[in-house]
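Asker: I have a structure here, written as structure tokens, and I will follow up with some questions on it.
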Amino acid sequence: MIKYLSHGEINKEKWDKCISGAVNRLIYAYSWYLDLVSPVWDALIENDYESVFPLTANRKYGIKYIYQPYFAQQLGVFSQDHLTEALVDRFLQAIPNKFRFVEIHLNTLNKVDDSRYQSARRIDHELDLIHAYEYLFANYDQNTKRNLKKAQQENLTLRRKVEPDELITLFRGNYGKKEVKLQYLHYDILRRLIEHCMKHTFSTITGAFLPDGTFCAGVFFLRDEKRVIYQLAASGSQARENGAMFLLVDSFIRENSGQPVILDFEGSNDPNVARFYKGFGAKETHYSQVTINRLPGLLSKAVNFVKRQRDS
């Protein structure tokens, strides 16, 4: 039986035990992570926390809705048992009608019937680091090898003594100017998230510095057991010329090669970004974005129009 629980009714100890033992475990689904990125999340629970589904809820203009929070790429159903399309369908059908609009990303092991739901395929990129570095390097494309060679000639220094605010400031001053959807609130969430993960997990920030000591590029690697997520990358104009980001990623691959670790680039539907990930030999995986629109008439049409304009 699947039941709905409001945030205050969730047993977070049982919740985290389910996530820890889930066949599709992801760090995004732990209660502490959800508390940071979507503080008022609710949940669907099967039996005694055998399978769970976070409902990252919010309210706007008096309408309750479920959205995909920033910094949590994939959510959906997490289960300690075999995941089936039927189980995912049961959870989606159990989302209470009070949530008038739903737009969420399921995870790669959540399969949906496209004829029953409005869904879109989204792309992730993953690299299995179980192989020796020599094997992994041989699978880099020529552009990556060329940029890596250039970076190695620039006398860059890599080090891990980088503060979250330094990385976020570099991001905001460059790519962040284009990403207008990110507001002060989101950057504050990101800072608290990075600080928490660096304190309580083995997550790290690695930075690239010019010979004069200027911080020109950095990556926050979010680590959870056998998966490391390329969570936030930032680079300045110098890094786009000297190949610093290629050096940062290659350094991580070299240090972690030969281990049962997945480097999860979080993927991108942007062909240029995807090309960077694929250049290191990363393979495409896919997950579904599902939309459920229960809004009345004209309001429903207006929301769909805005979505089409945003996605075009």
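By convention in this document, the chains of the structure tokens carry letters A, B, ... by their order, each chain's residues are numbered from 1, and ligands are numbered from 1 in the order they are shown.
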Given only C-alpha atoms, how would the per-residue table for stretch 153-209 of chain A near stretch 243-258 of chain A read, listing every residue at most 8 Å away with its closest atom pair and distance in Å to one decimal, sorted by chain and number, as CSV?
Answerer:
```
residue,atom,partner,partner_atom,distance
A:Leu156,CA,A:Ala244,CA,7.5
A:Leu158,CA,A:Leu248,CA,7.5
A:Thr206,CA,A:Leu248,CA,7.2
A:Gly207,CA,A:Leu248,CA,7.4
A:Ala208,CA,A:Ala244,CA,6.3
```
Asker: For the residues in that selection, give me N, CA and C atoms as a short mmCIF file (atom, residue, chain, number, x, y, z; two decimals), in the first residue's frame.
Answerer:
```
data_model
loop_
_atom_site.label_atom_id
_atom_site.label_comp_id
_atom_site.auth_asym_id
_atom_site.auth_seq_id
_atom_site.Cartn_x
_atom_site.Cartn_y
_atom_site.Cartn_z
N LEU A 156 49.93 25.41 -14.70
CA LEU A 156 48.83 25.57 -13.76
C LEU A 156 49.08 24.73 -12.51
N LEU A 158 47.12 22.76 -9.36
CA LEU A 158 45.85 22.26 -8.86
C LEU A 158 45.94 22.09 -7.36
N THR A 206 38.17 21.10 -6.16
CA THR A 206 39.53 21.18 -6.70
C THR A 206 39.60 22.41 -7.60
N GLY A 207 40.63 23.22 -7.41
CA GLY A 207 40.77 24.45 -8.17
C GLY A 207 42.04 24.46 -9.00
N ALA A 208 42.00 25.19 -10.11
CA ALA A 208 43.17 25.41 -10.96
C ALA A 208 43.59 26.86 -10.82
#
```
Asker: Using only C-alpha atoms, which protein or nucleic acid residues come within 10 Å of A:Trp41? Drop anything in the same chain fewer than 2 positions from it, and give the result as a PyMOL selection string.
Answerer: chain A and resi 5-8+10+31+34-35+37-39+43+54-58+66
Asker: Write the residues you've just listed into a file as a PDB file, in the first residue's frame, and include N, CA and C atoms for each of them.
Answerer:
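The resulting file, selection_20.pdb, is reproduced below:
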```pdb
ATOM      1  N   LEU A   5       2.463  11.083   3.072  1.00  0.00           N
ATOM      2  CA  LEU A   5       2.838  11.670   4.351  1.00  0.00           C
ATOM      3  C   LEU A   5       3.288  13.112   4.132  1.00  0.00           C
ATOM      4  N   SER A   6       2.805  14.006   5.002  1.00  0.00           N
ATOM      5  CA  SER A   6       3.321  15.376   4.977  1.00  0.00           C
ATOM      6  C   SER A   6       4.715  15.373   5.593  1.00  0.00           C
ATOM      7  N   HIS A   7       5.410  16.474   5.460  1.00  0.00           N
ATOM      8  CA  HIS A   7       6.820  16.520   5.869  1.00  0.00           C
ATOM      9  C   HIS A   7       7.016  16.112   7.332  1.00  0.00           C
ATOM     10  N   GLY A   8       6.165  16.616   8.200  1.00  0.00           N
ATOM     11  CA  GLY A   8       6.332  16.345   9.624  1.00  0.00           C
ATOM     12  C   GLY A   8       6.030  14.914  10.020  1.00  0.00           C
ATOM     13  N   ILE A  10       7.084  12.217   8.260  1.00  0.00           N
ATOM     14  CA  ILE A  10       8.075  11.298   7.688  1.00  0.00           C
ATOM     15  C   ILE A  10       9.067  10.851   8.761  1.00  0.00           C
ATOM     16  N   SER A  31      17.303  12.336   3.191  1.00  0.00           N
ATOM     17  CA  SER A  31      16.463  13.341   3.842  1.00  0.00           C
ATOM     18  C   SER A  31      17.218  14.647   4.073  1.00  0.00           C
ATOM     19  N   LEU A  34      17.457  16.550   0.750  1.00  0.00           N
ATOM     20  CA  LEU A  34      16.165  17.144   0.402  1.00  0.00           C
ATOM     21  C   LEU A  34      15.836  18.317   1.308  1.00  0.00           C
ATOM     22  N   ASP A  35      16.182  18.217   2.600  1.00  0.00           N
ATOM     23  CA  ASP A  35      15.937  19.319   3.533  1.00  0.00           C
ATOM     24  C   ASP A  35      16.653  20.591   3.085  1.00  0.00           C
ATOM     25  N   VAL A  37      17.638  21.350  -0.227  1.00  0.00           N
ATOM     26  CA  VAL A  37      17.239  21.876  -1.538  1.00  0.00           C
ATOM     27  C   VAL A  37      15.741  22.108  -1.672  1.00  0.00           C
ATOM     28  N   SER A  38      14.935  21.478  -0.800  1.00  0.00           N
ATOM     29  CA  SER A  38      13.474  21.634  -0.861  1.00  0.00           C
ATOM     30  C   SER A  38      12.898  21.410   0.530  1.00  0.00           C
ATOM     31  N   PRO A  39      13.027  22.387   1.420  1.00  0.00           N
ATOM     32  CA  PRO A  39      12.764  22.190   2.853  1.00  0.00           C
ATOM     33  C   PRO A  39      11.373  21.681   3.230  1.00  0.00           C
ATOM     34  N   ALA A  43       6.063  13.181   1.007  1.00  0.00           N
ATOM     35  CA  ALA A  43       6.510  11.878   0.512  1.00  0.00           C
ATOM     36  C   ALA A  43       5.366  10.919   0.265  1.00  0.00           C
ATOM     37  N   PRO A  54       9.982  11.045  -2.986  1.00  0.00           N
ATOM     38  CA  PRO A  54       9.882  12.395  -2.423  1.00  0.00           C
ATOM     39  C   PRO A  54       9.000  13.292  -3.277  1.00  0.00           C
ATOM     40  N   LEU A  55       8.189  14.075  -2.622  1.00  0.00           N
ATOM     41  CA  LEU A  55       7.332  15.057  -3.300  1.00  0.00           C
ATOM     42  C   LEU A  55       7.855  16.441  -2.933  1.00  0.00           C
ATOM     43  N   THR A  56       8.666  17.004  -3.803  1.00  0.00           N
ATOM     44  CA  THR A  56       9.281  18.308  -3.536  1.00  0.00           C
ATOM     45  C   THR A  56       8.253  19.391  -3.862  1.00  0.00           C
ATOM     46  N   ALA A  57       7.495  19.752  -2.846  1.00  0.00           N
ATOM     47  CA  ALA A  57       6.298  20.561  -3.025  1.00  0.00           C
ATOM     48  C   ALA A  57       6.542  22.047  -2.754  1.00  0.00           C
ATOM     49  N   ASN A  58       5.676  22.849  -3.363  1.00  0.00           N
ATOM     50  CA  ASN A  58       5.694  24.289  -3.128  1.00  0.00           C
ATOM     51  C   ASN A  58       4.296  24.840  -3.420  1.00  0.00           C
ATOM     52  N   ILE A  66       4.351  20.408  -7.560  1.00  0.00           N
ATOM     53  CA  ILE A  66       5.579  19.662  -7.298  1.00  0.00           C
ATOM     54  C   ILE A  66       6.573  19.995  -8.404  1.00  0.00           C
TER      55      ILE A  66
END
```
Asker: Where does DSSP see alpha helix (DSSP H) in stretch 29-240 of chain A, if you list the residues as a compact mmCIF listing (two decimals) with C-alpha atoms, in the first residue's frame?
Answerer:
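Final file, result_26.txt:
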```txt
# COMPACT_ATOMS: atom_id res chain seq x y z
CA SER A 31 16.46 13.34 3.84
CA TRP A 32 19.25 15.78 4.75
CA TYR A 33 19.87 16.57 1.07
CA LEU A 34 16.16 17.14 0.40
CA ASP A 35 15.94 19.32 3.53
CA LEU A 36 18.58 21.59 2.02
CA VAL A 37 17.24 21.88 -1.54
CA GLU A 85 7.28 0.20 -14.68
CA ALA A 86 4.13 -0.88 -12.85
CA LEU A 87 5.55 0.24 -9.49
CA VAL A 88 6.54 3.64 -10.88
CA ASP A 89 3.05 4.00 -12.36
CA ARG A 90 1.44 3.21 -8.99
CA PHE A 91 3.48 5.94 -7.31
CA LEU A 92 2.69 8.50 -10.00
CA GLN A 93 -1.02 7.66 -9.71
CA TYR A 133 44.14 5.19 -16.28
CA GLU A 134 45.96 4.17 -19.48
CA TYR A 135 42.79 2.52 -20.77
CA LEU A 136 40.63 5.50 -19.84
CA PHE A 137 43.05 7.99 -21.40
CA ALA A 138 43.10 5.97 -24.63
CA GLN A 142 41.58 14.02 -29.87
CA ASN A 143 40.18 17.40 -28.88
CA THR A 144 40.35 16.47 -25.20
CA LYS A 145 43.92 15.19 -25.52
CA ARG A 146 44.94 18.35 -27.36
CA ASN A 147 43.42 20.64 -24.72
CA LEU A 148 44.93 18.58 -21.94
CA LYS A 149 48.39 18.85 -23.49
CA LYS A 150 47.95 22.62 -23.77
CA ALA A 151 46.87 22.86 -20.12
CA GLN A 152 49.90 20.85 -19.01
CA PRO A 164 32.71 27.29 -1.51
CA ASP A 165 32.24 31.07 -1.81
CA GLU A 166 35.26 31.30 -4.12
CA LEU A 167 33.82 28.68 -6.48
CA ILE A 168 30.32 30.19 -6.42
CA THR A 169 31.67 33.70 -7.02
CA LEU A 170 33.62 32.47 -10.06
CA PHE A 171 30.50 30.72 -11.35
CA ARG A 172 28.26 33.74 -10.83
CA TYR A 175 28.20 31.25 -16.58
CA GLY A 176 25.90 32.52 -13.84
CA LYS A 177 25.33 35.75 -15.78
CA LYS A 178 23.61 33.71 -18.50
CA TYR A 184 20.21 34.80 -4.56
CA LEU A 185 18.12 32.15 -2.78
CA HIS A 186 19.48 29.41 -5.05
CA TYR A 187 23.09 30.47 -4.52
CA ASP A 188 22.51 30.47 -0.77
CA ILE A 189 21.13 26.92 -0.99
CA LEU A 190 24.12 25.91 -3.10
CA ARG A 191 26.60 27.36 -0.62
CA ARG A 192 24.97 25.58 2.34
CA LEU A 193 24.78 22.35 0.35
CA ILE A 194 28.49 22.42 -0.57
CA GLU A 195 29.51 23.31 2.98
CA HIS A 196 27.43 20.46 4.41
CA CYS A 197 28.75 17.90 1.93
CA MET A 198 32.37 18.92 2.45
CA LYS A 199 31.91 18.59 6.21
CA HIS A 200 29.95 15.33 6.34
CA SER A 237 37.99 33.59 -19.40
CA GLN A 238 41.61 32.45 -18.88
CA ALA A 239 40.48 28.86 -18.31
CA ARG A 240 38.67 28.80 -21.62
```
Asker: May I have the residues within 8 Å of A:Ile205 as a list in words, using only C-alpha atoms and disregarding those fewer than 6 positions away in the same chain?
Answerer: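 Once the adjacent positions are removed, what remains is Arg160, Lys161, Val162, Glu163, Pro164, Gly218, Val219, Phe220 and Phe221 of chain A.
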Asker: Keeping only all heavy atoms, write those residues as an mmCIF file, in the first residue's frame.
Answerer:
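out-v2.cif, written as the output of this step:
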```cif
data_model
loop_
_atom_site.group_PDB
_atom_site.id
_atom_site.type_symbol
_atom_site.label_atom_id
_atom_site.label_comp_id
_atom_site.auth_asym_id
_atom_site.auth_seq_id
_atom_site.Cartn_x
_atom_site.Cartn_y
_atom_site.Cartn_z
ATOM 1 N N ARG A 160 43.286 21.713 -3.519
ATOM 2 C CA ARG A 160 41.951 21.509 -2.966
ATOM 3 C C ARG A 160 41.572 22.551 -1.923
ATOM 4 O O ARG A 160 40.473 22.489 -1.389
ATOM 5 C CB ARG A 160 41.856 20.103 -2.362
ATOM 6 C CG ARG A 160 41.918 18.998 -3.414
ATOM 7 C CD ARG A 160 41.412 17.681 -2.858
ATOM 8 N NE ARG A 160 41.341 16.668 -3.896
ATOM 9 C CZ ARG A 160 42.286 15.775 -4.134
ATOM 10 N NH1 ARG A 160 43.388 15.780 -3.399
ATOM 11 N NH2 ARG A 160 42.150 14.887 -5.092
ATOM 12 N N LYS A 161 42.422 23.464 -1.623
ATOM 13 C CA LYS A 161 42.091 24.494 -0.635
ATOM 14 C C LYS A 161 41.339 25.633 -1.315
ATOM 15 O O LYS A 161 41.872 26.723 -1.534
ATOM 16 C CB LYS A 161 43.356 24.984 0.070
ATOM 17 C CG LYS A 161 43.968 23.946 1.003
ATOM 18 C CD LYS A 161 45.114 24.522 1.819
ATOM 19 C CE LYS A 161 45.661 23.498 2.799
ATOM 20 N NZ LYS A 161 46.782 24.022 3.612
ATOM 21 N N VAL A 162 40.091 25.340 -1.667
ATOM 22 C CA VAL A 162 39.208 26.309 -2.307
ATOM 23 C C VAL A 162 37.936 26.388 -1.485
ATOM 24 O O VAL A 162 37.337 25.360 -1.152
ATOM 25 C CB VAL A 162 38.870 25.911 -3.754
ATOM 26 C CG1 VAL A 162 37.925 26.927 -4.389
ATOM 27 C CG2 VAL A 162 40.135 25.751 -4.585
ATOM 28 N N GLU A 163 37.525 27.588 -1.122
ATOM 29 C CA GLU A 163 36.313 27.777 -0.330
ATOM 30 C C GLU A 163 35.076 27.773 -1.230
ATOM 31 O O GLU A 163 35.147 28.213 -2.389
ATOM 32 C CB GLU A 163 36.381 29.098 0.436
ATOM 33 C CG GLU A 163 37.471 29.153 1.493
ATOM 34 C CD GLU A 163 37.266 28.103 2.581
ATOM 35 O OE1 GLU A 163 36.096 27.875 2.974
ATOM 36 O OE2 GLU A 163 38.272 27.516 3.021
ATOM 37 N N PRO A 164 33.938 27.288 -0.718
ATOM 38 C CA PRO A 164 32.706 27.289 -1.509
ATOM 39 C C PRO A 164 32.372 28.662 -2.093
ATOM 40 O O PRO A 164 31.958 28.760 -3.254
ATOM 41 C CB PRO A 164 31.647 26.842 -0.504
ATOM 42 C CG PRO A 164 32.394 25.983 0.461
ATOM 43 C CD PRO A 164 33.743 26.624 0.597
ATOM 44 N N GLY A 218 37.389 25.745 -11.280
ATOM 45 C CA GLY A 218 37.214 24.838 -10.149
ATOM 46 C C GLY A 218 36.016 23.928 -10.351
ATOM 47 O O GLY A 218 35.110 24.233 -11.133
ATOM 48 N N VAL A 219 36.033 22.799 -9.646
ATOM 49 C CA VAL A 219 34.935 21.826 -9.712
ATOM 50 C C VAL A 219 34.620 21.334 -8.307
ATOM 51 O O VAL A 219 35.531 21.005 -7.539
ATOM 52 C CB VAL A 219 35.299 20.614 -10.592
ATOM 53 C CG1 VAL A 219 34.115 19.626 -10.635
ATOM 54 C CG2 VAL A 219 35.677 21.022 -11.996
ATOM 55 N N PHE A 220 33.337 21.300 -7.989
ATOM 56 C CA PHE A 220 32.876 20.649 -6.763
ATOM 57 C C PHE A 220 32.473 19.233 -7.108
ATOM 58 O O PHE A 220 31.544 18.999 -7.889
ATOM 59 C CB PHE A 220 31.690 21.409 -6.163
ATOM 60 C CG PHE A 220 31.018 20.685 -5.029
ATOM 61 C CD1 PHE A 220 31.744 20.254 -3.923
ATOM 62 C CD2 PHE A 220 29.653 20.429 -5.059
ATOM 63 C CE1 PHE A 220 31.130 19.571 -2.873
ATOM 64 C CE2 PHE A 220 29.017 19.757 -4.020
ATOM 65 C CZ PHE A 220 29.769 19.328 -2.933
ATOM 66 N N PHE A 221 33.194 18.255 -6.559
ATOM 67 C CA PHE A 221 32.900 16.843 -6.764
ATOM 68 C C PHE A 221 32.114 16.334 -5.559
ATOM 69 O O PHE A 221 32.633 16.256 -4.452
ATOM 70 C CB PHE A 221 34.195 16.042 -6.919
ATOM 71 C CG PHE A 221 34.950 16.314 -8.182
ATOM 72 C CD1 PHE A 221 36.088 17.112 -8.171
ATOM 73 C CD2 PHE A 221 34.543 15.776 -9.395
ATOM 74 C CE1 PHE A 221 36.804 17.361 -9.335
ATOM 75 C CE2 PHE A 221 35.246 16.024 -10.571
ATOM 76 C CZ PHE A 221 36.380 16.815 -10.538
#
```
Asker: May I have the residues within 6 Å of stretch 102-108 of chain A as a list in words, using only C-alpha atoms and disregarding those fewer than 5 positions away in the same chain?
Answerer: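 The neighbour list is Tyr65, Ile66, Tyr67, Gln68, Gln74, Leu75, Gly76, His286, Tyr287, Ser288, Gln289, Val290, Thr291 and Ile292 of chain A.
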Asker: Can you write out the residues you just picked, keeping all heavy atoms, as a tab-separated table (two decimals), in the first residue's frame?
Answerer:
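Resulting contents of selection.tsv:
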```tsv
chain	number	residue	atom	x	y	z
A	65	TYR	N	1.99	22.72	-6.05
A	65	TYR	CA	2.61	22.03	-7.18
A	65	TYR	C	3.87	21.31	-6.71
A	65	TYR	O	4.38	21.53	-5.62
A	65	TYR	CB	2.94	23.01	-8.29
A	65	TYR	CG	3.98	24.06	-7.93
A	65	TYR	CD1	5.32	23.88	-8.27
A	65	TYR	CD2	3.62	25.23	-7.28
A	65	TYR	CE1	6.27	24.84	-7.95
A	65	TYR	CE2	4.56	26.19	-6.95
A	65	TYR	CZ	5.88	26.00	-7.29
A	65	TYR	OH	6.82	26.94	-6.96
A	66	ILE	N	4.35	20.41	-7.56
A	66	ILE	CA	5.58	19.66	-7.30
A	66	ILE	C	6.57	20.00	-8.40
A	66	ILE	O	6.23	19.95	-9.59
A	66	ILE	CB	5.31	18.15	-7.23
A	66	ILE	CG1	4.34	17.84	-6.08
A	66	ILE	CG2	6.61	17.36	-7.04
A	66	ILE	CD1	3.88	16.40	-6.05
A	67	TYR	N	7.78	20.33	-8.02
A	67	TYR	CA	8.79	20.79	-8.96
A	67	TYR	C	10.10	20.03	-8.74
A	67	TYR	O	10.29	19.36	-7.72
A	67	TYR	CB	9.04	22.28	-8.76
A	67	TYR	CG	9.75	22.59	-7.46
A	67	TYR	CD1	11.09	22.96	-7.45
A	67	TYR	CD2	9.08	22.48	-6.23
A	67	TYR	CE1	11.75	23.21	-6.24
A	67	TYR	CE2	9.73	22.73	-5.03
A	67	TYR	CZ	11.06	23.10	-5.05
A	67	TYR	OH	11.72	23.33	-3.86
A	68	GLN	N	11.00	20.12	-9.73
A	68	GLN	CA	12.32	19.54	-9.57
A	68	GLN	C	13.25	20.60	-8.98
A	68	GLN	O	13.52	21.61	-9.62
A	68	GLN	CB	12.87	19.07	-10.93
A	68	GLN	CG	14.13	18.24	-10.83
A	68	GLN	CD	13.86	16.87	-10.19
A	68	GLN	OE1	12.74	16.38	-10.24
A	68	GLN	NE2	14.87	16.28	-9.58
A	74	GLN	N	18.03	14.04	-10.27
A	74	GLN	CA	17.09	12.93	-10.43
A	74	GLN	C	16.48	12.54	-9.08
A	74	GLN	O	17.21	12.41	-8.09
A	74	GLN	CB	17.79	11.71	-11.02
A	74	GLN	CG	18.43	11.92	-12.38
A	74	GLN	CD	19.18	10.69	-12.85
A	74	GLN	OE1	18.78	9.55	-12.61
A	74	GLN	NE2	20.29	10.92	-13.55
A	75	LEU	N	15.17	12.35	-9.08
A	75	LEU	CA	14.50	11.85	-7.88
A	75	LEU	C	13.59	10.69	-8.30
A	75	LEU	O	14.05	9.73	-8.85
A	75	LEU	CB	13.74	12.99	-7.18
A	75	LEU	CG	14.66	14.04	-6.52
A	75	LEU	CD1	13.86	15.22	-6.00
A	75	LEU	CD2	15.49	13.42	-5.41
A	76	GLY	N	12.31	10.73	-7.99
A	76	GLY	CA	11.42	9.65	-8.37
A	76	GLY	C	11.33	8.55	-7.33
A	76	GLY	O	11.47	8.78	-6.13
A	286	HIS	N	19.96	7.85	-19.74
A	286	HIS	CA	18.75	8.67	-19.91
A	286	HIS	C	17.81	8.52	-18.71
A	286	HIS	O	17.80	7.50	-18.05
A	286	HIS	CB	18.02	8.27	-21.19
A	286	HIS	CG	18.88	8.35	-22.42
A	286	HIS	ND1	19.45	7.24	-22.99
A	286	HIS	CD2	19.29	9.42	-23.14
A	286	HIS	CE1	20.16	7.61	-24.04
A	286	HIS	NE2	20.09	8.92	-24.14
A	287	TYR	N	17.07	9.58	-18.48
A	287	TYR	CA	16.03	9.57	-17.46
A	287	TYR	C	14.86	10.39	-17.96
A	287	TYR	O	15.00	11.16	-18.93
A	287	TYR	CB	16.56	10.09	-16.12
A	287	TYR	CG	17.11	11.50	-16.14
A	287	TYR	CD1	16.32	12.57	-15.74
A	287	TYR	CD2	18.41	11.76	-16.56
A	287	TYR	CE1	16.82	13.87	-15.75
A	287	TYR	CE2	18.91	13.06	-16.57
A	287	TYR	CZ	18.12	14.10	-16.17
A	287	TYR	OH	18.61	15.38	-16.19
A	288	SER	N	13.72	10.23	-17.33
A	288	SER	CA	12.49	10.86	-17.83
A	288	SER	C	12.09	12.08	-17.01
A	288	SER	O	12.15	12.06	-15.78
A	288	SER	CB	11.33	9.86	-17.81
A	288	SER	OG	11.56	8.80	-18.70
A	289	GLN	N	11.67	13.11	-17.72
A	289	GLN	CA	10.99	14.25	-17.09
A	289	GLN	C	9.49	14.05	-17.32
A	289	GLN	O	9.04	13.94	-18.45
A	289	GLN	CB	11.44	15.57	-17.71
A	289	GLN	CG	10.66	16.77	-17.19
A	289	GLN	CD	11.12	18.07	-17.83
A	289	GLN	OE1	12.26	18.48	-17.67
A	289	GLN	NE2	10.22	18.72	-18.57
A	290	VAL	N	8.75	13.97	-16.24
A	290	VAL	CA	7.31	13.71	-16.33
A	290	VAL	C	6.53	14.94	-15.90
A	290	VAL	O	6.84	15.57	-14.86
A	290	VAL	CB	6.92	12.50	-15.46
A	290	VAL	CG1	5.41	12.33	-15.39
A	290	VAL	CG2	7.57	11.23	-16.01
A	291	THR	N	5.52	15.29	-16.67
A	291	THR	CA	4.64	16.41	-16.36
A	291	THR	C	3.21	15.91	-16.20
A	291	THR	O	2.71	15.16	-17.04
A	291	THR	CB	4.68	17.47	-17.47
A	291	THR	OG1	6.03	17.93	-17.64
A	291	THR	CG2	3.78	18.66	-17.13
A	292	ILE	N	2.58	16.30	-15.11
A	292	ILE	CA	1.17	15.99	-14.86
A	292	ILE	C	0.46	17.32	-14.62
A	292	ILE	O	0.75	18.02	-13.65
A	292	ILE	CB	1.00	15.06	-13.64
A	292	ILE	CG1	1.76	13.76	-13.85
A	292	ILE	CG2	-0.48	14.79	-13.38
A	292	ILE	CD1	1.79	12.86	-12.63
```
